[in-house]
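J.: Have a peek at final22.cif (mmCIF, C-alpha atoms and all ligand atoms).
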data_coords
loop_
_atom_site.label_atom_id
_atom_site.label_comp_id
_atom_site.auth_asym_id
_atom_site.auth_seq_id
_atom_site.Cartn_x
_atom_site.Cartn_y
_atom_site.Cartn_z
CA MET A 279 28.38 -2.93 11.44
CA LYS A 280 30.38 -5.59 9.64
CA LEU A 281 29.34 -9.09 8.62
CA TYR A 282 31.83 -11.84 7.82
CA PHE A 283 29.99 -13.71 5.13
CA ALA A 284 30.23 -16.58 2.66
CA PRO A 285 27.69 -17.31 -0.08
CA ASN A 286 25.58 -20.46 0.42
CA SER A 287 26.28 -20.52 4.14
CA ARG A 288 24.47 -19.72 7.37
CA ALA A 289 25.78 -16.16 6.97
CA VAL A 290 22.90 -15.68 4.49
CA ARG A 291 20.61 -15.77 7.55
CA SER A 292 22.37 -12.78 9.11
CA ALA A 293 22.50 -10.75 5.88
CA TRP A 294 18.80 -11.55 5.30
CA LEU A 295 17.91 -10.26 8.77
CA LEU A 296 20.08 -7.15 8.41
CA TYR A 297 18.22 -6.35 5.16
CA GLU A 298 14.81 -7.07 6.76
CA LEU A 299 15.75 -4.56 9.49
CA GLY A 300 17.03 -2.00 6.98
CA LEU A 301 20.40 -1.76 8.76
CA ASP A 302 23.56 -0.59 7.03
CA PHE A 303 26.47 -3.02 7.11
CA GLU A 304 29.68 -3.78 5.32
CA ILE A 305 30.64 -7.25 4.20
CA GLU A 306 33.89 -9.18 4.39
CA LYS A 307 33.32 -11.98 1.93
CA PHE A 308 34.91 -15.42 1.97
CA ASN A 309 34.17 -18.54 -0.01
CA LEU A 310 33.64 -21.73 2.00
CA GLY A 311 36.93 -23.60 2.19
CA ASP A 312 38.93 -20.36 1.81
CA PRO A 313 42.23 -20.67 3.77
CA LYS A 314 41.68 -17.06 4.94
CA MET A 315 38.99 -18.50 7.24
CA ARG A 316 41.80 -20.21 9.18
CA ALA A 317 43.99 -17.08 9.44
CA PRO A 318 44.78 -15.99 13.03
CA GLU A 319 43.06 -12.60 12.47
CA PHE A 320 39.77 -14.36 11.68
CA LEU A 321 40.20 -17.10 14.33
CA ALA A 322 40.44 -14.31 16.88
CA PHE A 323 36.74 -13.55 16.15
CA SER A 324 35.57 -17.04 15.32
CA PRO A 325 37.48 -19.79 17.14
CA ASN A 326 36.42 -22.49 14.66
CA GLY A 327 36.95 -20.32 11.60
CA ARG A 328 33.23 -20.30 10.76
CA VAL A 329 30.83 -17.74 9.37
CA PRO A 330 28.77 -15.74 10.15
CA VAL A 331 30.49 -13.30 12.47
CA LEU A 332 28.96 -9.92 13.24
CA ILE A 333 30.92 -6.93 14.51
CA ASP A 334 28.82 -4.09 15.91
CA GLY A 335 30.99 -1.44 17.56
CA ASP A 336 32.78 -3.27 20.36
CA VAL A 337 30.47 -6.29 20.12
CA THR A 338 31.73 -9.41 18.29
CA LEU A 339 29.34 -12.29 17.87
CA PHE A 340 29.42 -15.65 16.15
CA GLU A 341 26.61 -18.30 15.97
CA SER A 342 23.85 -17.29 13.56
CA PRO A 343 20.98 -17.78 16.06
CA ALA A 344 22.80 -15.60 18.63
CA ILE A 345 23.33 -12.93 15.96
CA ALA A 346 19.62 -13.12 15.10
CA GLU A 347 18.54 -12.73 18.74
CA TYR A 348 20.99 -9.87 19.23
CA LEU A 349 19.83 -7.95 16.15
CA ALA A 350 16.14 -8.47 16.95
CA ALA A 351 16.61 -7.40 20.57
CA ARG A 352 18.80 -4.35 19.83
CA TYR A 353 17.28 -3.15 16.55
CA GLY A 354 13.96 -4.96 16.05
CA GLU A 355 11.82 -2.36 17.86
CA GLY A 356 9.47 -5.11 19.00
CA LYS A 357 9.26 -6.75 15.58
CA LEU A 358 10.73 -10.06 14.43
CA ALA A 359 10.59 -11.80 17.83
CA PRO A 360 7.45 -12.06 19.98
CA ASP A 361 7.59 -10.71 23.52
CA ALA A 362 7.98 -13.31 26.31
CA ALA A 363 4.42 -12.49 27.45
CA SER A 364 2.95 -13.20 24.01
CA PRO A 365 0.99 -16.44 23.46
CA GLU A 366 3.22 -17.11 20.40
CA TYR A 367 6.42 -17.00 22.47
CA PRO A 368 6.79 -20.71 23.39
CA THR A 369 6.03 -21.77 19.79
CA PHE A 370 8.50 -19.17 18.56
CA LEU A 371 11.24 -20.43 20.89
CA GLN A 372 10.73 -24.04 19.91
CA TRP A 373 10.92 -23.44 16.16
CA PHE A 374 13.67 -20.85 16.46
CA HIS A 375 15.92 -23.53 17.99
CA TYR A 376 14.70 -26.40 15.80
CA GLY A 377 16.64 -25.36 12.69
CA GLU A 378 20.13 -25.41 14.20
CA GLY A 379 19.26 -28.11 16.77
CA MET A 380 17.57 -30.69 14.53
CA ILE A 381 17.93 -29.88 10.83
CA MET A 382 21.48 -28.57 10.48
CA GLY A 383 23.11 -31.65 12.11
CA PRO A 384 22.15 -33.90 9.18
CA VAL A 385 22.86 -31.00 6.76
CA ASN A 386 26.41 -30.79 8.17
CA ASN A 387 26.88 -34.56 7.80
CA TYR A 388 25.57 -34.44 4.25
CA MET A 389 27.88 -31.54 3.33
CA VAL A 390 30.91 -33.33 4.82
CA GLU A 391 30.17 -36.47 2.79
CA THR A 392 29.48 -34.65 -0.48
CA PHE A 393 31.61 -31.49 -0.39
CA PHE A 394 34.08 -30.93 2.44
CA VAL A 395 36.14 -34.16 2.38
CA LYS A 396 38.21 -35.40 -0.53
CA PRO A 397 36.26 -37.63 -2.95
CA GLU A 398 38.20 -40.73 -1.85
CA HIS A 399 37.05 -40.24 1.77
CA ARG A 400 33.35 -39.70 0.98
CA SER A 401 30.70 -42.24 1.94
CA GLU A 402 27.54 -42.57 -0.13
CA VAL A 403 25.91 -44.58 2.67
CA HIS A 404 26.46 -41.78 5.21
CA ALA A 405 25.33 -39.13 2.71
CA LYS A 406 22.09 -41.04 2.02
CA ARG A 407 21.48 -41.55 5.73
CA ALA A 408 21.95 -37.82 6.40
CA LEU A 409 19.51 -36.94 3.60
CA LYS A 410 16.92 -39.37 4.98
CA LEU A 411 17.22 -37.90 8.47
CA MET A 412 16.99 -34.36 7.07
CA GLY A 413 13.75 -35.45 5.37
CA ARG A 414 12.30 -36.62 8.70
CA MET A 415 13.27 -33.37 10.40
CA VAL A 416 11.61 -31.16 7.77
CA GLN A 417 8.51 -33.39 7.75
CA ALA A 418 7.72 -31.95 11.20
CA ILE A 419 7.77 -28.47 9.67
CA ASP A 420 5.44 -29.58 6.88
CA THR A 421 2.96 -30.75 9.53
CA HIS A 422 3.33 -27.57 11.59
CA MET A 423 2.88 -25.32 8.56
CA ALA A 424 -0.52 -26.82 7.62
CA ASP A 425 -2.46 -23.81 8.90
CA ARG A 426 0.02 -20.93 9.07
CA GLU A 427 2.19 -18.64 6.97
CA TYR A 428 5.21 -18.37 9.25
CA LEU A 429 6.56 -20.56 12.04
CA ALA A 430 5.13 -18.51 14.93
CA GLY A 431 2.61 -15.80 14.13
CA ASP A 432 4.14 -12.98 12.11
CA PHE A 433 7.42 -13.34 10.19
CA SER A 434 10.21 -13.61 12.77
CA ILE A 435 13.81 -14.65 13.35
CA ALA A 436 12.51 -18.23 13.71
CA ASP A 437 11.93 -18.00 9.94
CA THR A 438 15.37 -16.54 9.16
CA ILE A 439 16.98 -19.44 11.06
CA THR A 440 14.75 -22.51 10.74
CA GLY A 441 13.13 -21.37 7.49
CA HIS A 442 16.63 -21.01 6.04
CA ALA A 443 17.47 -24.55 7.27
CA CYS A 444 14.39 -25.79 5.35
CA ILE A 445 15.56 -24.03 2.18
CA VAL A 446 19.03 -25.57 2.57
CA SER A 447 17.51 -29.04 3.05
CA GLU A 448 15.50 -28.69 -0.15
CA ARG A 449 18.67 -27.63 -1.96
CA CYS A 450 20.53 -30.67 -0.61
CA GLY A 451 17.93 -32.77 -2.41
CA VAL A 452 15.48 -33.92 0.29
CA ASP A 453 12.42 -35.43 -1.38
CA VAL A 454 9.73 -32.86 -0.54
CA SER A 455 7.24 -34.06 -3.15
CA ASP A 456 4.76 -35.05 -0.41
CA MET A 457 5.34 -31.93 1.73
CA PRO A 458 3.11 -29.23 0.17
CA ASN A 459 3.02 -27.03 3.28
CA LEU A 460 6.80 -27.00 3.52
CA THR A 461 7.30 -26.16 -0.16
CA ALA A 462 4.67 -23.39 0.01
CA TYR A 463 6.47 -22.01 3.07
CA THR A 464 9.95 -21.99 1.52
CA LYS A 465 8.50 -20.44 -1.66
CA ARG A 466 6.95 -17.70 0.50
CA LEU A 467 10.32 -17.04 2.17
CA LEU A 468 12.20 -17.04 -1.14
CA ALA A 469 9.83 -14.35 -2.45
CA ARG A 470 11.02 -11.91 0.25
CA PRO A 471 13.26 -9.23 -1.29
CA ALA A 472 15.57 -9.20 1.74
CA LEU A 473 16.34 -12.91 1.32
CA GLN A 474 16.80 -12.50 -2.43
CA LYS A 475 19.33 -9.72 -1.75
CA ALA A 476 21.21 -11.84 0.81
CA MET A 477 21.32 -14.82 -1.55
CA ALA A 478 22.72 -12.64 -4.34
CA LEU A 479 25.70 -11.44 -2.28
N1 LIG B 501 26.23 -22.98 14.52
C1 LIG B 501 27.01 -22.08 13.72
C2 LIG B 501 27.60 -22.86 12.56
C3 LIG B 501 28.57 -22.04 11.71
C4 LIG B 501 29.09 -22.86 10.56
O1 LIG B 501 29.29 -24.08 10.66
N2 LIG B 501 29.32 -22.16 9.44
C5 LIG B 501 29.82 -22.84 8.25
C6 LIG B 501 29.07 -22.33 7.00
S1 LIG B 501 27.35 -22.71 7.05
C7 LIG B 501 31.27 -22.50 8.02
O2 LIG B 501 31.69 -21.39 8.25
N3 LIG B 501 32.05 -23.48 7.52
C8 LIG B 501 33.39 -23.23 7.12
C9 LIG B 501 34.34 -24.29 7.56
O3 LIG B 501 33.94 -25.25 8.22
O4 LIG B 501 35.50 -24.13 7.22
C10 LIG B 501 26.10 -20.93 13.25
O5 LIG B 501 24.88 -21.12 13.23
O6 LIG B 501 26.60 -19.84 12.96
#
Represent the structure of the file as structure tokens.
Ligand SMILES: N[C@@H](CCC(=O)N[C@@H](CS)C(=O)NCC(=O)O)C(=O)O

T.:
Amino acid sequence: MKLYFAPNSRAVRSAWLLYELGLDFEIEKFNLGDPKMRAPEFLAFSPNGRVPVLIDGDVTLFESPAIAEYLAARYGEGKLAPDAASPEYPTFLQWFHYGEGMIMGPVNNYMVETFFVKPEHRSEVHAKRALKLMGRMVQAIDTHMADREYLAGDFSIADTITGHACIVSERCGVDVSDMPNLTAYTKRLLARPALQKAMAL
């Protein structure tokens, strides 16, 4: 298996999950903004030149949530994603999709305004607005996490996707001082050796 990876990107989610599953994989490492991510060889796997991309035999997959579902279904042996018949399943589905659907939009806008565009094209107003919206999105997680350790029952791919989006939001600088359940949750995730390994790549 091969993972196209960049530090401090959504590819951390895929490496984290691969380590949680104890799967062997090789890494092709980029840095965000690397022109090699626009080379035709890479665009053939990832039409927008984005990471992560997973190659598993003759399977090529981009989109970190799709990679997570694929790895859990093929290699999870019933762990890391509740069965459709389980009472946790609807909750799992909702929070699995929440990270990419609701949190990463404002994260993307914030990153564009503070990192991706040239300083002269950045807008402080848009950056602040994105940070405020990110704060609202993670507030819902703080409320949800009041009486639980993980997003849906046991640790699952909802945590590697949406939990990772929470960690990224905190790192962007969202004010989480009044979100004790969220901060306890991200601290719990950051204590997992598999995530520590993925973040050190
Ligand atoms: N929805 C996609 C988003 C992929 C994405 O935007 N990846 C970013 C890093 S987090 C990227 O590769 N950016 C490089 C670029 O835009 O050049 C996923 O979840 O995999």

J.: For each of A:Val390, A:Leu411, A:Val403, A:Met382, take the minimum atom-to-atom distance to Cys444 (chain A), counting only C-alpha atoms, then give the residue where this is smallest.

T.: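 Checking each candidate against Cys444 (chain A), we get A:Met382 as the closest.
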
J.: So that I can check the surroundings of Ile345 (chain A), please list as a list in words every protein, DNA and RNA residue that reaches within 8 Å of it, counting only C-alpha atoms and ignoring chain neighbours fewer than 6 positions away.

T.: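 So the residues in contact are Ser292, Val331, Leu332 and Leu339 of chain A.
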
J.: How about saving the chosen residues, C-alpha atoms kept, as a PDB file, keeping the file's coordinate frame?

T.:
ATOM      1  CA  SER A 292      22.370 -12.780   9.110  1.00  0.00           C
ATOM      2  CA  VAL A 331      30.490 -13.300  12.470  1.00  0.00           C
ATOM      3  CA  LEU A 332      28.960  -9.920  13.240  1.00  0.00           C
ATOM      4  CA  LEU A 339      29.340 -12.290  17.870  1.00  0.00           C
TER       5      LEU A 339
END

J.: Counting all atoms listed in the file, which of A:Val454, A:Ile439, A:Met380, A:Met423 gets nearest to ligand LIG 501 (chain B)?

T.: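 That would be A:Ile439, the residue with the smallest distance to ligand LIG 501 (chain B).
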
J.: List all protein, DNA and RNA residues that have any atom at most 7 Å from ligand LIG 501 (chain B), counting only C-alpha atoms and all ligand atoms, and write the list as a PyMOL selection string.

T.: chain A and resi 287-289+310-311+315+327-330+340-343+378

J.: If we count all atoms listed in the file and set the cut-off at 6 Å, which residues sit around Ala476 (chain A), ignoring sequence neighbours fewer than 6 positions away in its own chain? Please answer as a list in words.

T.: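 Residues meeting the cut-off are Val290, Ala293 and Trp294 of chain A.
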
J.: Set the distance at 7 Å and use only C-alpha atoms: which residues neighbour Met412 (chain A) once local chain neighbours fewer than 4 positions away are removed? I'd like the list as a list in words.

T.: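 Everything that qualifies: Ile381, Pro384, Val385, Ala408, Val416, Ser447 and Val452 of chain A.
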
J.: Using the file's own x, y and z axes, what box holds all listed atoms of region 409-417 of chain A with 4 Å on each side, keeping edges along x, y and z, and what are its centre and edge lengths in Å to one decimal, as JSON?

T.:
{"center_x": 14.0, "center_y": -35.3, "center_z": 7.0, "size_x": 19.0, "size_y": 16.2, "size_z": 14.8}

J.: Counting all atoms listed in the file, what are the residues of region 394-458 of chain A within 9 Å of region 358-377 of chain A, and for each of them which pair of atoms is the nearest and at what distance in Å, to one decimal? Sort the table by chain and rising number, as JSON lines.

T.:
{"residue": "A:Met415", "atom": "CA", "partner": "A:Tyr376", "partner_atom": "CA", "distance": 8.9}
{"residue": "A:Ile419", "atom": "CA", "partner": "A:Trp373", "partner_atom": "CA", "distance": 8.8}
{"residue": "A:Leu429", "atom": "CA", "partner": "A:Trp373", "partner_atom": "CA", "distance": 6.7}
{"residue": "A:Ala430", "atom": "CA", "partner": "A:Phe370", "partner_atom": "CA", "distance": 5.0}
{"residue": "A:Gly431", "atom": "CA", "partner": "A:Glu366", "partner_atom": "CA", "distance": 6.4}
{"residue": "A:Asp432", "atom": "CA", "partner": "A:Leu358", "partner_atom": "CA", "distance": 7.6}
{"residue": "A:Phe433", "atom": "CA", "partner": "A:Leu358", "partner_atom": "CA", "distance": 6.3}
{"residue": "A:Ser434", "atom": "CA", "partner": "A:Leu358", "partner_atom": "CA", "distance": 4.0}
{"residue": "A:Ile435", "atom": "CA", "partner": "A:Leu358", "partner_atom": "CA", "distance": 5.6}
{"residue": "A:Ala436", "atom": "CA", "partner": "A:Phe374", "partner_atom": "CA", "distance": 4.0}
{"residue": "A:Asp437", "atom": "CA", "partner": "A:Phe374", "partner_atom": "CA", "distance": 7.3}
{"residue": "A:Thr438", "atom": "CA", "partner": "A:Phe374", "partner_atom": "CA", "distance": 8.6}
{"residue": "A:Ile439", "atom": "CA", "partner": "A:Gly377", "partner_atom": "CA", "distance": 6.1}
{"residue": "A:Thr440", "atom": "CA", "partner": "A:Gly377", "partner_atom": "CA", "distance": 3.9}
{"residue": "A:Gly441", "atom": "CA", "partner": "A:Gly377", "partner_atom": "CA", "distance": 7.4}
{"residue": "A:His442", "atom": "CA", "partner": "A:Gly377", "partner_atom": "CA", "distance": 7.9}
{"residue": "A:Ala443", "atom": "CA", "partner": "A:Gly377", "partner_atom": "CA", "distance": 5.5}
{"residue": "A:Cys444", "atom": "CA", "partner": "A:Gly377", "partner_atom": "CA", "distance": 7.7}

J.: Based on the selection just made, write C-alpha atoms of those residues as a PDB file, in the frame of the given file.

T.:
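Listing of out_1.pdb after writing:
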ATOM      1  CA  MET A 415      13.270 -33.370  10.400  1.00  0.00           C
ATOM      2  CA  ILE A 419       7.770 -28.470   9.670  1.00  0.00           C
ATOM      3  CA  LEU A 429       6.560 -20.560  12.040  1.00  0.00           C
ATOM      4  CA  ALA A 430       5.130 -18.510  14.930  1.00  0.00           C
ATOM      5  CA  GLY A 431       2.610 -15.800  14.130  1.00  0.00           C
ATOM      6  CA  ASP A 432       4.140 -12.980  12.110  1.00  0.00           C
ATOM      7  CA  PHE A 433       7.420 -13.340  10.190  1.00  0.00           C
ATOM      8  CA  SER A 434      10.210 -13.610  12.770  1.00  0.00           C
ATOM      9  CA  ILE A 435      13.810 -14.650  13.350  1.00  0.00           C
ATOM     10  CA  ALA A 436      12.510 -18.230  13.710  1.00  0.00           C
ATOM     11  CA  ASP A 437      11.930 -18.000   9.940  1.00  0.00           C
ATOM     12  CA  THR A 438      15.370 -16.540   9.160  1.00  0.00           C
ATOM     13  CA  ILE A 439      16.980 -19.440  11.060  1.00  0.00           C
ATOM     14  CA  THR A 440      14.750 -22.510  10.740  1.00  0.00           C
ATOM     15  CA  GLY A 441      13.130 -21.370   7.490  1.00  0.00           C
ATOM     16  CA  HIS A 442      16.630 -21.010   6.040  1.00  0.00           C
ATOM     17  CA  ALA A 443      17.470 -24.550   7.270  1.00  0.00           C
ATOM     18  CA  CYS A 444      14.390 -25.790   5.350  1.00  0.00           C
TER      19      CYS A 444
END

J.: Of the candidates A:Leu296, A:Ala424, A:Val337, A:Leu281, which shows the shortest atom-to-atom distance to Leu349 (chain A), using all atoms listed in the file?

T.: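 Using all atoms listed in the file, the shortest distance to Leu349 (chain A) belongs to A:Leu296.
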
J.: Using only C-alpha atoms, which protein or nucleic acid residues come within 12 Å of His404 (chain A)? Drop anything in the same chain fewer than 2 positions from it, and give the result as a PyMOL selection string.

T.: chain A and resi 384-392+399-402+406-411

J.: Which residue out of A:Gly335, A:Gln474, A:Gly413, A:Glu355 has the minimum interatomic distance to Arg449 (chain A) when only C-alpha atoms are used?

T.: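 Under the stated criterion, the closest residue is A:Gly413.
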
J.: Quick one, how far is CA of Lys465 (chain A) from CA of Ile445 (chain A)?

T.: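 Answer for the CA of Lys465 (chain A) to CA of Ile445 (chain A) separation: 8.8 Å.
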
J.: So how far away is CA of Asn309 (chain A) from CA of Ala350 (chain A), in Å?

T.: 26.7 Å

J.: Quick check, in Å to one decimal: how far apart do CA of Pro285 (chain A) and CA of Lys475 (chain A) lie?

T.: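 Separating CA of Pro285 (chain A) from CA of Lys475 (chain A) is a distance of 11.4 Å.
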
J.: Which is closer to Ala344 (chain A) than all the others in A:Ile305, A:Arg291, A:His422, A:Pro313, using all atoms listed in the file?

T.: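 With all atoms listed in the file as the atom set, the closest residue is A:Arg291.
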